[in-house]
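*Asks:* As input, take protein-v8.cif (mmCIF, C-alpha atoms):
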data_data
loop_
_atom_site.label_atom_id
_atom_site.label_comp_id
_atom_site.auth_asym_id
_atom_site.auth_seq_id
_atom_site.Cartn_x
_atom_site.Cartn_y
_atom_site.Cartn_z
CA MET A 1286 0.00 0.00 0.00
CA LEU A 1287 1.27 3.46 -0.89
CA LYS A 1288 1.32 5.60 2.24
CA ALA A 1289 3.70 8.42 1.30
CA LEU A 1290 5.28 10.31 -1.57
CA ILE A 1291 8.75 11.72 -0.88
CA PHE A 1292 9.69 14.65 -3.11
CA ASP A 1293 13.10 15.86 -4.15
CA ILE A 1294 13.07 19.63 -4.78
CA ASP A 1295 15.67 20.98 -7.22
CA GLY A 1296 14.78 19.79 -10.71
CA THR A 1297 11.88 17.66 -9.49
CA VAL A 1298 9.34 20.06 -8.02
CA ALA A 1299 10.64 22.96 -10.11
CA GLU A 1300 13.34 23.60 -12.71
CA THR A 1301 15.50 25.48 -10.24
CA GLU A 1302 19.01 24.67 -11.43
CA GLU A 1303 19.33 27.41 -14.04
CA PHE A 1304 18.43 29.98 -11.38
CA HIS A 1305 21.07 28.51 -9.07
CA ARG A 1306 23.67 28.65 -11.88
CA ARG A 1307 22.92 32.30 -12.61
CA ALA A 1308 23.01 33.13 -8.92
CA TYR A 1309 26.45 31.57 -8.55
CA ASN A 1310 27.73 33.63 -11.47
CA ARG A 1311 26.23 36.83 -10.04
CA VAL A 1312 28.01 36.24 -6.74
CA PHE A 1313 31.30 35.39 -8.47
CA SER A 1314 31.09 38.70 -10.28
CA ASP A 1315 30.20 40.64 -7.13
CA GLU A 1316 33.07 38.99 -5.25
CA ARG A 1317 35.53 39.67 -8.11
CA ILE A 1318 36.09 35.94 -8.49
CA SER A 1319 36.99 35.21 -12.11
CA TRP A 1320 34.79 32.15 -12.42
CA ASN A 1321 31.83 31.81 -14.75
CA TRP A 1322 29.86 28.56 -14.87
CA SER A 1323 28.47 27.84 -18.33
CA LYS A 1324 25.48 25.55 -18.78
CA ASP A 1325 27.69 22.72 -20.02
CA LEU A 1326 30.07 23.11 -17.08
CA TYR A 1327 27.25 23.35 -14.56
CA LYS A 1328 25.73 20.16 -15.92
CA LYS A 1329 28.99 18.39 -15.05
CA LEU A 1330 29.25 20.09 -11.65
CA LEU A 1331 25.77 18.88 -10.70
CA LYS A 1332 27.25 15.40 -10.36
CA VAL A 1333 28.57 16.78 -7.05
CA THR A 1334 25.59 17.11 -4.73
CA GLY A 1335 25.38 20.11 -2.42
CA GLY A 1336 26.28 23.71 -3.15
CA ARG A 1337 29.19 24.06 -0.75
CA GLU A 1338 30.56 20.71 -1.84
CA ARG A 1339 30.23 21.79 -5.47
CA LEU A 1340 32.19 25.00 -4.86
CA LYS A 1341 34.97 23.12 -3.10
CA HIS A 1342 35.12 20.48 -5.83
CA TYR A 1343 35.29 23.14 -8.55
CA GLU A 1344 38.19 25.01 -6.99
CA GLU A 1345 40.16 21.89 -6.12
CA ASN A 1346 39.60 19.90 -9.31
CA VAL A 1347 38.42 22.14 -12.15
CA ALA A 1348 39.27 25.83 -11.77
CA THR A 1349 42.43 27.23 -13.32
CA ASN A 1350 42.19 30.36 -11.14
CA LYS A 1351 42.31 29.22 -7.53
CA TYR A 1352 41.53 31.37 -4.48
CA ASN A 1353 42.25 28.86 -1.70
CA LEU A 1354 38.80 29.42 -0.25
CA ASN A 1355 38.42 28.16 3.30
CA SER A 1356 35.20 26.67 4.66
CA ASP A 1357 33.98 30.01 6.02
CA GLU A 1358 34.51 31.73 2.66
CA ILE A 1359 32.74 28.92 0.84
CA LEU A 1360 29.84 29.19 3.28
CA ARG A 1361 29.65 32.96 2.75
CA ILE A 1362 29.62 32.61 -1.05
CA HIS A 1363 27.01 29.86 -0.89
CA THR A 1364 24.85 31.93 1.47
CA LYS A 1365 25.02 34.93 -0.88
CA LYS A 1366 24.10 32.63 -3.77
CA ASN A 1367 21.02 31.44 -1.90
CA GLU A 1368 20.06 35.03 -1.09
CA GLN A 1369 20.26 35.98 -4.78
CA TYR A 1370 18.36 32.83 -5.80
CA ASN A 1371 15.60 33.55 -3.29
CA GLU A 1372 15.38 37.15 -4.44
CA TRP A 1373 14.47 35.88 -7.91
CA VAL A 1374 12.05 33.30 -6.48
CA ASN A 1375 10.36 36.02 -4.43
CA GLU A 1376 9.93 38.02 -7.64
CA GLY A 1377 7.80 35.17 -9.00
CA LEU A 1378 10.26 34.01 -11.65
CA LEU A 1379 10.15 30.33 -10.68
CA HIS A 1380 7.29 27.96 -11.52
CA LEU A 1381 6.46 24.39 -10.51
CA ARG A 1382 6.97 21.65 -13.05
CA PRO A 1383 3.79 20.56 -14.86
CA GLY A 1384 1.58 18.30 -12.75
CA ILE A 1385 3.33 18.81 -9.40
CA GLU A 1386 0.64 20.92 -7.71
CA THR A 1387 -2.19 18.64 -8.84
CA LEU A 1388 -0.18 15.59 -7.77
CA ILE A 1389 0.24 17.07 -4.29
CA TYR A 1390 -3.45 17.85 -3.87
CA LYS A 1391 -4.61 14.49 -5.24
CA ALA A 1392 -2.31 12.67 -2.84
CA GLN A 1393 -3.72 14.69 0.04
CA GLU A 1394 -7.27 13.87 -1.04
CA ASN A 1395 -6.40 10.17 -0.90
CA ASN A 1396 -4.70 10.40 2.52
CA ILE A 1397 -1.23 9.81 1.10
CA GLN A 1398 1.35 11.49 3.29
CA LEU A 1399 3.80 13.92 1.74
CA ALA A 1400 7.47 14.45 2.58
CA ILE A 1401 10.53 16.20 1.20
CA SER A 1402 14.03 14.77 0.90
CA THR A 1403 16.36 17.34 -0.63
CA SER A 1404 19.98 18.43 -0.56
CA THR A 1405 18.94 22.07 -0.79
CA SER A 1406 18.39 24.36 2.20
CA LEU A 1407 15.18 24.79 4.18
CA MET A 1408 15.20 28.47 3.20
CA ASN A 1409 15.06 27.51 -0.48
CA VAL A 1410 12.26 25.00 0.15
CA LYS A 1411 10.17 27.59 1.99
CA SER A 1412 10.59 30.34 -0.60
CA LEU A 1413 9.67 27.96 -3.43
CA PHE A 1414 6.37 26.84 -1.90
CA ILE A 1415 5.39 30.22 -0.48
CA ASN A 1416 5.87 31.87 -3.86
CA CYS A 1417 4.70 29.05 -6.16
CA ILE A 1418 1.74 27.69 -4.16
CA GLY A 1419 1.17 30.40 -1.58
CA LYS A 1420 1.62 28.06 1.38
CA ASP A 1421 4.32 27.30 3.92
CA PRO A 1422 5.64 23.82 3.07
CA TYR A 1423 5.07 22.65 6.65
CA THR A 1424 1.32 22.99 6.03
CA ILE A 1425 1.66 20.54 3.11
CA PHE A 1426 4.41 18.11 4.05
CA LYS A 1427 4.51 15.97 7.16
CA THR A 1428 8.29 16.06 7.21
CA ILE A 1429 11.02 18.01 5.42
CA ALA A 1430 14.53 16.51 5.37
CA THR A 1431 17.14 18.93 3.99
CA GLY A 1432 20.83 18.76 3.26
CA ASP A 1433 21.88 20.59 6.42
CA MET A 1434 20.29 17.84 8.53
CA VAL A 1435 22.62 15.06 7.36
CA LYS A 1436 26.35 14.44 7.15
CA LYS A 1437 26.29 12.78 3.73
CA LYS A 1438 24.28 14.09 0.81
CA LYS A 1439 22.89 12.26 -2.22
CA PRO A 1440 23.73 9.73 -3.66
CA ASP A 1441 24.20 8.55 -0.06
CA PRO A 1442 20.84 7.28 1.29
CA GLU A 1443 21.11 9.13 4.62
CA ILE A 1444 18.63 11.87 3.73
CA TYR A 1445 15.98 9.32 2.62
CA LEU A 1446 16.57 7.20 5.71
CA LEU A 1447 15.99 10.33 7.78
CA ALA A 1448 12.70 11.00 6.00
CA LEU A 1449 11.58 7.40 6.57
CA ARG A 1450 12.33 7.68 10.30
CA GLN A 1451 10.42 10.94 10.53
CA LEU A 1452 7.46 9.40 8.68
CA SER A 1453 7.65 6.19 10.75
CA LEU A 1454 7.17 4.23 7.53
CA SER A 1455 9.00 1.40 5.81
CA PRO A 1456 10.56 1.87 2.36
CA THR A 1457 7.95 -0.38 0.77
CA GLU A 1458 5.21 2.04 1.83
CA CYS A 1459 6.76 5.00 -0.01
CA ILE A 1460 7.63 6.22 -3.47
CA ALA A 1461 10.36 8.79 -4.09
CA LEU A 1462 10.12 11.37 -6.86
CA GLU A 1463 13.45 12.33 -8.40
CA ASP A 1464 14.97 13.98 -11.47
CA SER A 1465 18.64 12.92 -11.38
CA TYR A 1466 20.89 9.89 -11.16
CA ASN A 1467 22.27 10.91 -7.75
CA GLY A 1468 18.76 11.29 -6.39
CA LEU A 1469 17.68 7.97 -7.86
CA ILE A 1470 20.62 6.10 -6.31
CA SER A 1471 20.03 7.80 -2.95
CA ALA A 1472 16.42 6.61 -2.87
CA LYS A 1473 17.19 3.14 -4.21
CA ASN A 1474 19.94 2.63 -1.64
CA ALA A 1475 17.27 3.38 0.96
CA LYS A 1476 15.19 0.61 -0.67
CA ILE A 1477 12.50 3.04 -1.84
CA ARG A 1478 10.72 2.61 -5.17
CA THR A 1479 11.50 5.62 -7.32
CA LEU A 1480 9.68 7.59 -10.01
CA CYS A 1481 12.08 9.62 -12.14
CA SER A 1482 11.20 12.51 -14.41
CA PRO A 1483 14.47 13.87 -15.81
CA SER A 1484 14.93 17.62 -15.45
CA LEU A 1485 16.61 19.82 -18.04
CA TYR A 1486 20.09 19.39 -16.59
CA HIS A 1487 19.72 15.62 -16.16
CA ARG A 1488 18.27 14.45 -19.47
CA ASP A 1489 21.35 12.34 -20.13
CA ASP A 1490 21.56 10.68 -16.70
CA ASN A 1491 21.29 6.91 -16.37
CA PHE A 1492 17.83 6.02 -15.04
CA SER A 1493 18.00 2.28 -15.67
CA GLU A 1494 17.48 1.53 -11.96
CA ALA A 1495 14.29 3.59 -11.73
CA ASP A 1496 11.06 1.74 -10.98
CA PHE A 1497 9.05 4.24 -13.00
CA ILE A 1498 9.99 6.92 -15.54
CA CYS A 1499 7.82 9.71 -16.92
CA GLU A 1500 8.32 12.84 -18.99
CA GLU A 1501 6.31 15.03 -16.60
CA PHE A 1502 4.23 14.57 -13.45
CA THR A 1503 0.88 15.28 -15.11
CA GLU A 1504 -1.79 12.59 -14.75
CA ASP A 1505 -1.64 11.56 -18.40
CA LYS A 1506 2.16 11.14 -18.27
CA LEU A 1507 2.32 9.12 -15.04
CA PRO A 1508 2.79 5.34 -15.24
CA ILE A 1509 -0.61 3.68 -15.04
CA GLU A 1510 0.16 1.95 -11.72
CA LEU A 1511 0.86 5.28 -10.03
CA ARG A 1512 -2.07 6.97 -11.74
CA GLN A 1513 -4.37 4.38 -10.23
CA LEU A 1514 -2.84 4.79 -6.76
CA ILE A 1515 -2.83 8.59 -6.66
CA PHE A 1516 -5.74 9.63 -8.89
CA LYS A 1517 -8.24 7.05 -7.66
#
Here is a file; write its structure as structure tokens.
*Replies:*
Amino acid sequence: MLKALIFDIDGTVAETEEFHRRAYNRVFSDERISWNWSKDLYKKLLKVTGGRERLKHYEENVATNKYNLNSDEILRIHTKKNEQYNEWVNEGLLHLRPGIETLIYKAQENNIQLAISTSTSLMNVKSLFINCIGKDPYTIFKTIATGDMVKKKKPDPEIYLLALRQLSLSPTECIALEDSYNGLISAKNAKIRTLCSPSLYHRDDNFSEADFICEEFTEDKLPIELRQLIFK
């Protein structure tokens, strides 16, 4: 029996990654850091989960101009990036992916619990739902597990295991919704069945381990098994 849907955020609930990329570049410019992340480069960098981890990886392994950023400097840059990102979200520039809002409300109508398991920050989760749905996410989701609550981020299963504990449910009672390979592996390593709908930056990821795949989360695009469970 399906008792809960566990949502990833970035790329799954909304196509956020291009806004994050632009926000990074804005901060680099403001900080007089001579980095500029192109779309092709950012696609590669997304294989590293977590913004601070991504910054560290870039400087240590990719950048030709190095600034020897310490952990406090990385945190400050990442915080400024989130502030810029949320400024754009608050301006109404971000929209949910097709089908997400209806999927949420249909699940609620059928007493299916809702949860979030994301590597992004709680601040980003709140701004997305307040501006895109007009509600605080805690009025929608029973539990919200974010990247700052765990030691290891996706593809490690820790963040999904945390969500399961908070829901007091077994993996077999849940389905995870993801858009990327790292998210898929995180959920699968937690033994959770996973529905993947590739986002723009993850079209070329390997989704062979997914239990279900769909182009979008609209009712007509969902696998028939899930359509029957959620839209009954």
*Asks:* If you measure from atom CA of Tyr1466 of chain A to atom CA of Pro1483 of chain A, what distance in Å do you get, rounded to one decimal?
*Replies:*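 Computed distance, atom CA of Tyr1466 of chain A to atom CA of Pro1483 of chain A, equals 8.9 Å.
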*Asks:* Please identify every residue of segment 1325-1369 of chain A that has at least one atom no farther than 10 Å from an atom of segment 1295-1319 of chain A, counting all atoms listed in the file, and for each give the shortest atom pair and the distance in Å to one decimal, arranged by chain then increasing number, as CSV.
*Replies:*
residue,atom,partner,partner_atom,distance
A:Leu1326,CA,A:Arg1306,CA,9.9
A:Tyr1327,CA,A:Arg1306,CA,6.9
A:Lys1328,CA,A:Glu1302,CA,9.3
A:Leu1331,CA,A:Glu1302,CA,8.9
A:Gly1336,CA,A:His1305,CA,9.2
A:Leu1340,CA,A:Tyr1309,CA,9.5
A:Ala1348,CA,A:Ser1319,CA,9.7
A:Thr1349,CA,A:Ser1319,CA,9.7
A:Asn1350,CA,A:Ser1319,CA,7.2
A:Lys1351,CA,A:Ile1318,CA,9.2
A:Tyr1352,CA,A:Ile1318,CA,8.2
A:Ile1362,CA,A:Val1312,CA,6.9
A:His1363,CA,A:Tyr1309,CA,7.9
A:Thr1364,CA,A:Val1312,CA,9.8
A:Lys1365,CA,A:Val1312,CA,6.7
A:Lys1366,CA,A:Ala1308,CA,5.3
A:Asn1367,CA,A:Ala1308,CA,7.5
A:Glu1368,CA,A:Ala1308,CA,8.6
A:Gln1369,CA,A:Ala1308,CA,5.7
*Asks:* Mind telling me what the PyMOL selection byres ((chain A and resi 1290) around 7) catches here, as a list in words?
*Replies:*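 When the PyMOL selection byres ((chain A and resi 1290) around 7) is applied, the selected residues are Ala1289, Ile1291, Phe1292, Gln1398, Leu1399, Ala1400, Cys1459, Ile1460 and Ala1461 of chain A.
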*Asks:* Hey, which of A:Pro1456, A:Cys1481, A:Gly1384, A:Arg1337 ends up closest to Glu1358 of chain A? Count all atoms listed in the file.
*Replies:*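 Of all the options, A:Arg1337 lies closest to Glu1358 of chain A.
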*Asks:* Smallest atom-to-atom distance to Leu1388 of chain A: which of A:Phe1502, A:Val1374, A:Pro1422, A:Lys1517, using all atoms listed in the file?
*Replies:* A:Phe1502
*Asks:* So, with only C-alpha atoms as the atoms that count, which of A:Asn1409, A:Ser1404, A:Thr1503, A:Ser1465 lies closest to Phe1516 of chain A?
*Replies:*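 Looking only at the distances to Phe1516 of chain A, the closest residue turns out to be A:Thr1503.
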*Asks:* For a quick check of understanding, using only C-alpha atoms, which of A:Ser1455, A:Pro1440, A:Leu1511, A:Ala1495 has the smallest distance to Thr1334 of chain A?
*Replies:* A:Pro1440
*Asks:* Please report the interatomic distance between atom CA of Ile1429 of chain A and atom CA of Ser1402 of chain A in Å with one decimal.
*Replies:*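 Distance between the two atoms: 6.3 Å.
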*Asks:* Which is closest to Ser1453 of chain A among A:Asp1433, A:Met1408, A:Thr1428, A:Asn1474, if we use all atoms listed in the file?
*Replies:*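 Looking only at the distances to Ser1453 of chain A, the closest residue turns out to be A:Thr1428.
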*Asks:* Can you translate the PyMOL selection byres ((chain A and resi 1375) around 10) into the concrete residues it hits in this file, as a VMD selection string?
*Replies:* chain A and resid 1369 to 1374 1376 to 1379 1412 to 1413 1415 to 1417
*Asks:* Taking all listed atoms of segment 1342-1349 of chain A, build the axis-aligned box, pad each of the six sides by 5 Å, then write its centre and edge lengths in Å to one decimal as JSON.
*Replies:*
{"center_x": 38.8, "center_y": 23.6, "center_z": -9.6, "size_x": 17.3, "size_y": 17.3, "size_z": 17.5}
*Asks:* So which one's closest to Gly1335 of chain A, A:Ser1406, A:Gln1513, A:Ser1493, A:Thr1424? Using all atoms listed in the file, please.
*Replies:*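 For Gly1335 of chain A, the nearest of the given residues is A:Ser1406.
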*Asks:* Can you pull out the residues contacting Gly1468 of chain A? Cut-off 8 Å, using all atoms listed in the file, and skip same-chain residues under 3 positions away; I want them as a ChimeraX atom specification.
*Replies:* /A:1293,1439-1440,1463-1465,1471-1472
*Asks:* As an exercise, work out the distance from atom CA of Thr1479 of chain A to atom CA of Leu1462 of chain A in Å and give it to one decimal place.
*Replies:*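 Atom CA of Leu1462 of chain A lies at a distance of 5.9 Å from atom CA of Thr1479 of chain A.
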*Asks:* Got a sec to check which residues sit within 12 Å of (-4.4, 18.6, -12.3), counting only C-alpha atoms, and write them as a list of chain:residue names?
*Replies:*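 Checking each residue against the 12 Å limit leaves A:Arg1382, A:Pro1383, A:Gly1384, A:Ile1385, A:Glu1386, A:Thr1387, A:Leu1388, A:Ile1389, A:Tyr1390, A:Lys1391, A:Ala1392, A:Phe1502, A:Thr1503, A:Glu1504, A:Asp1505, A:Lys1506, A:Leu1507, A:Arg1512, A:Ile1515, A:Phe1516.
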